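What follows is a single structure, written as C-alpha cells, with notes after it.
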Amino acid sequence: ARTAAVIPAAGRGVRLGPGAPKALRTLNGTPMLIHAVRAMAASRAVSLVIVVAPPEGAAEVRSLLDAHALPERTDFVVVPGGQTRQESVKLGLDALPPEYGTVLVHDAARPLVPVDTVDAVIEAVREGAPAVVPALPLADTVKEVGPAAAPGEPEPVVATPDRARLRAVQTPQGFDRATLIRAHETVTADVTDDASMVEQLGLRVVVVPGHEEAFKVTRPLDLVLAEAVLARRRL
Ligand code: C5P
C-alpha cells in the first residue's frame, strides 16, 4: 500500500511570540514548513504530502512549495485548515486518495525529524500496527498539580507518575488509513495528538524509538536549537 503524509501547519504559533504563522517562520532562511515537507518526502515510501495551510493562507503555502526544490517523485497537495489541530488533520484526511493505505500525521512544528525515524514508523504500520508513535523517555520528573486554593496561591502537587513508564511522544505518528479515518469520525473529545483518538477506540497503539532532533519548535529557545541543529548538519 502507498504511504501519504498529512502535515497540519495551520497553527498560529502564539507561544513563539508575535509574527507570521509558525510554519512560515524561517530556520536558517527556509520556512519551517518546507523543512517539515522535505523531512517527509525524504522517505522513499512517501509518495504524497498533504499540507494543511492556515485557513486564509493556502495560496501562499502553494507558492511557497512551488518556490522550493522538492523531490520529483512526490506529489504535494495544499488544503486550508481549521480552528483546531484535530479539525486541520481531518480536513487533510478528506483530501487523501483511496489508494493510500498508510498515513503519517506530522507536525509542521517538527521540521528536523530524521528520515530513519519516519521510516521506522512506516515500517511498524506496514507490519500490522493500526497506530504507531515515536517516543522518547523523559529527562524531567513530571508532577500532576491540582487547582490553587485561591487565586494567587501556589498550585499543590497531587501526584508523581513513575517516570520510567512515561514517554514524550513526537510525530510523525503512523496509521492504517481506515483506523485513522474512523477515529476522526468517531472521537469528538479534545485531544492533542492523533494516536489518543485511536486509543479511545480501544485499539492498540505501539511505540517506536523517537529522536531528539524531532523536537517541537514551540518557544523562542527552540528556534535557537533548531538553527544550531541545521548548522551542525551542514558540517
Ligand atoms: O499547537 P501545537 O504546537 O500542538 O500544534 C501542532 C501542529 O498542529 C502545528 O504544526 C500546527 O501548525 C498545527 N495546527 C493546525 N491547525 C490548528 C492548530 C495547530 O494545523 N488550528
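Quick note on naming: the chains in the C-alpha cells go A, B, ... in the order shown, residues restart at 1 in each chain, and ligands are numbered from 1 in order of appearance.
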
Quiz item: Do you know which residues are within 7 Å of ligand 1 using only C-alpha atoms and all ligand atoms? Can you write them as a ChimeraX atom specification?
Solution: /A:7-13,22-23,52-53,81-85,87-89,107-109,192,218

Output N, CA and C atoms of each residue in that selection to a file, as a short mmCIF file (atom, residue, chain, number, x, y, z; two decimals), in the first residue's frame.
```cif
data_model
loop_
_atom_site.label_atom_id
_atom_site.label_comp_id
_atom_site.auth_asym_id
_atom_site.auth_seq_id
_atom_site.Cartn_x
_atom_site.Cartn_y
_atom_site.Cartn_z
N ILE A 7 0.44 17.02 6.86
CA ILE A 7 1.19 17.95 7.72
C ILE A 7 0.27 19.08 8.17
N PRO A 8 -0.25 19.02 9.41
CA PRO A 8 -1.02 20.16 9.90
C PRO A 8 -0.08 21.35 10.14
N ALA A 9 -0.36 22.45 9.46
CA ALA A 9 0.51 23.63 9.53
C ALA A 9 -0.33 24.89 9.67
N ALA A 10 -1.52 24.74 10.26
CA ALA A 10 -2.46 25.86 10.32
C ALA A 10 -2.41 26.61 11.65
N GLY A 11 -1.50 26.21 12.54
CA GLY A 11 -1.44 26.84 13.86
C GLY A 11 -0.84 28.24 13.80
N ARG A 12 -1.19 29.08 14.77
CA ARG A 12 -0.70 30.46 14.76
C ARG A 12 0.65 30.59 15.44
N GLY A 13 0.96 29.65 16.34
CA GLY A 13 2.27 29.71 16.98
C GLY A 13 2.38 30.84 17.99
N LYS A 22 3.35 30.09 12.61
CA LYS A 22 4.59 29.40 12.98
C LYS A 22 5.25 28.66 11.82
N ALA A 23 4.44 27.93 11.03
CA ALA A 23 5.02 27.09 9.97
C ALA A 23 5.74 27.90 8.91
N VAL A 52 -1.69 21.07 5.32
CA VAL A 52 -2.89 21.77 5.77
C VAL A 52 -2.47 23.18 6.19
N ALA A 53 -2.85 24.14 5.35
CA ALA A 53 -2.36 25.52 5.48
C ALA A 53 -3.26 26.33 6.42
N GLY A 81 -6.82 24.76 6.44
CA GLY A 81 -7.02 24.12 7.73
C GLY A 81 -8.20 24.68 8.51
N GLY A 82 -8.27 24.29 9.79
CA GLY A 82 -9.39 24.67 10.64
C GLY A 82 -8.95 25.37 11.91
N GLN A 83 -9.86 25.44 12.87
CA GLN A 83 -9.63 26.19 14.10
C GLN A 83 -8.78 25.41 15.11
N THR A 84 -8.83 24.07 15.04
CA THR A 84 -8.05 23.25 15.95
C THR A 84 -7.17 22.32 15.14
N ARG A 85 -6.15 21.78 15.78
CA ARG A 85 -5.27 20.82 15.11
C ARG A 85 -6.08 19.63 14.59
N GLU A 87 -9.24 19.43 13.78
CA GLU A 87 -10.02 19.81 12.59
C GLU A 87 -9.11 19.89 11.36
N SER A 88 -7.92 20.45 11.56
CA SER A 88 -6.98 20.58 10.44
C SER A 88 -6.59 19.20 9.90
N VAL A 89 -6.31 18.25 10.79
CA VAL A 89 -5.93 16.91 10.33
C VAL A 89 -7.09 16.28 9.56
N ASP A 107 3.57 17.06 12.51
CA ASP A 107 3.51 18.50 12.83
C ASP A 107 4.52 19.29 12.00
N ALA A 108 4.04 20.35 11.37
CA ALA A 108 4.96 21.28 10.70
C ALA A 108 5.98 21.81 11.71
N ALA A 109 5.59 21.81 12.96
CA ALA A 109 6.43 22.35 14.03
C ALA A 109 7.56 21.40 14.44
N THR A 192 -4.68 16.12 21.96
CA THR A 192 -3.51 16.86 21.48
C THR A 192 -2.68 16.04 20.51
N THR A 218 8.41 25.23 19.65
CA THR A 218 7.26 25.82 20.33
C THR A 218 7.58 27.21 20.89
#
```

Quick one: which stretch 47-133 of chain A residues come within 12 Å of stretch 148-169 of chain A, and what is the nearest atom pair for each with the distance in Å to one decimal, counting only C-alpha atoms, rows ordered by chain and ascending number, as a tab-separated table?
```
residue	atom	partner	partner_atom	distance
A:His106	CA	A:Val169	CA	11.8
A:Asp107	CA	A:Val169	CA	11.8
A:Arg110	CA	A:Val169	CA	11.8
A:Val132	CA	A:Val169	CA	10.3
A:Val133	CA	A:Val169	CA	6.6
```

Exercise. Measure the distance from atom CA of A:Ala226 to atom CA of A:Val115 in Å and round it to one decimal.
Key: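 Those two atoms sit 16.3 Å apart.
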
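In this structure, atom CA of A:Gln170 sits 8.4 Å away from atom CA of A:His211.
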
Practice problem: For A:Asp222, please output as a ChimeraX atom specification all residues within 12 Å (counting only C-alpha atoms; exclusion window: fewer than 2 positions along the same chain). | Solution: /A:15-17,22,27,32,109-112,213-220,224-229

Exercise. May I ask which of the residues A:Ile50, A:Leu93, A:Ala231, A:Val14 is the closest one to A:Gly29, counting only C-alpha atoms?
Key: A:Ala231

Residues of stretch 126-156 of chain A within 9 Å of stretch 171-185 of chain A: nearest atom pair and distance (Å, one decimal) for each, counting only C-alpha atoms, sorted by chain and number, as a tab-separated table?
```
residue	atom	partner	partner_atom	distance
A:Arg126	CA	A:Asp176	CA	8.2
A:Gly128	CA	A:Asp176	CA	8.3
A:Ala129	CA	A:Asp176	CA	7.6
A:Pro130	CA	A:Asp176	CA	5.0
A:Ala131	CA	A:Phe175	CA	4.5
A:Val132	CA	A:Gly174	CA	5.0
A:Val133	CA	A:Gln173	CA	4.7
A:Pro134	CA	A:Thr171	CA	6.3
A:Ala135	CA	A:Thr171	CA	8.4
```

Exercise. As an MDAnalysis selection string, please: all residues of chain A that backbone DSSP puts in strand (DSSP E or B).
Key: chainID A and resid 2:8 26:27 30:31 46:53 75:80 100:105 131:137 144:145 157:159 167:169 173:176 205:209

Selection from above, C-alpha atoms, as an mmCIF file, in the first residue's frame, can you write it?
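And here is the file that came out, again-v2.cif:
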```cif
data_model
loop_
_atom_site.group_PDB
_atom_site.id
_atom_site.type_symbol
_atom_site.label_atom_id
_atom_site.label_comp_id
_atom_site.auth_asym_id
_atom_site.auth_seq_id
_atom_site.Cartn_x
_atom_site.Cartn_y
_atom_site.Cartn_z
ATOM 1 C CA ARG A 2 1.107 3.542 -0.636
ATOM 2 C CA THR A 3 2.031 5.988 2.110
ATOM 3 C CA ALA A 4 0.963 9.637 2.387
ATOM 4 C CA ALA A 5 1.886 12.265 4.971
ATOM 5 C CA VAL A 6 -0.553 14.880 6.284
ATOM 6 C CA ILE A 7 1.190 17.946 7.724
ATOM 7 C CA PRO A 8 -1.016 20.165 9.899
ATOM 8 C CA THR A 26 12.221 30.573 8.767
ATOM 9 C CA LEU A 27 15.053 28.417 10.086
ATOM 10 C CA THR A 30 13.987 28.395 4.849
ATOM 11 C CA PRO A 31 10.390 28.246 6.168
ATOM 12 C CA VAL A 46 6.151 8.619 0.968
ATOM 13 C CA SER A 47 4.643 9.480 -2.431
ATOM 14 C CA LEU A 48 2.123 12.159 -1.375
ATOM 15 C CA VAL A 49 2.366 15.040 1.103
ATOM 16 C CA ILE A 50 -0.838 16.901 2.049
ATOM 17 C CA VAL A 51 -0.095 20.255 3.675
ATOM 18 C CA VAL A 52 -2.889 21.765 5.768
ATOM 19 C CA ALA A 53 -2.363 25.519 5.481
ATOM 20 C CA ASP A 75 3.093 14.803 -5.063
ATOM 21 C CA PHE A 76 2.223 17.850 -2.969
ATOM 22 C CA VAL A 77 -1.327 18.986 -2.202
ATOM 23 C CA VAL A 78 -2.368 22.034 -0.145
ATOM 24 C CA VAL A 79 -5.719 22.327 1.652
ATOM 25 C CA PRO A 80 -6.991 25.039 4.033
ATOM 26 C CA TYR A 100 -3.117 5.349 0.244
ATOM 27 C CA GLY A 101 -3.325 2.609 2.890
ATOM 28 C CA THR A 102 -0.778 4.103 5.319
ATOM 29 C CA VAL A 103 -0.992 7.673 6.616
ATOM 30 C CA LEU A 104 1.519 9.682 8.588
ATOM 31 C CA VAL A 105 0.467 12.778 10.506
ATOM 32 C CA ALA A 131 -1.241 3.143 15.118
ATOM 33 C CA VAL A 132 2.428 3.930 15.814
ATOM 34 C CA VAL A 133 4.029 6.791 17.735
ATOM 35 C CA PRO A 134 7.715 7.733 18.020
ATOM 36 C CA ALA A 135 8.553 8.419 21.653
ATOM 37 C CA LEU A 136 11.431 9.217 23.997
ATOM 38 C CA PRO A 137 11.972 8.711 27.733
ATOM 39 C CA GLU A 144 0.350 16.340 38.367
ATOM 40 C CA VAL A 145 -0.951 19.514 40.034
ATOM 41 C CA VAL A 157 1.195 18.773 43.689
ATOM 42 C CA VAL A 158 -1.270 15.887 43.776
ATOM 43 C CA ALA A 159 0.728 13.043 42.199
ATOM 44 C CA ARG A 167 7.255 8.724 27.248
ATOM 45 C CA ALA A 168 7.278 12.052 25.419
ATOM 46 C CA VAL A 169 5.521 11.468 22.132
ATOM 47 C CA GLN A 173 2.555 9.286 14.001
ATOM 48 C CA GLY A 174 1.637 6.490 11.593
ATOM 49 C CA PHE A 175 -1.734 4.860 10.970
ATOM 50 C CA ASP A 176 -3.596 2.338 8.988
ATOM 51 C CA VAL A 205 -1.083 1.924 19.716
ATOM 52 C CA VAL A 206 2.615 0.982 19.746
ATOM 53 C CA VAL A 207 5.792 2.971 20.321
ATOM 54 C CA VAL A 208 8.980 3.078 18.252
ATOM 55 C CA PRO A 209 12.097 4.997 19.328
#
```

Exercise. Rank A:Ala45, A:Ala1, A:Leu138, A:Ala58 by their smallest atom-to-atom distance to A:Leu24, using only C-alpha atoms, and report the top residue only.
Key: A:Ala58

Exercise. Pull the alpha helix (DSSP H) assignments for stretch 12-176 of chain A out of DSSP run on the backbone, and list those residues as a ChimeraX atom specification.
Key: /A:32-41,58-67,85-93,115-126
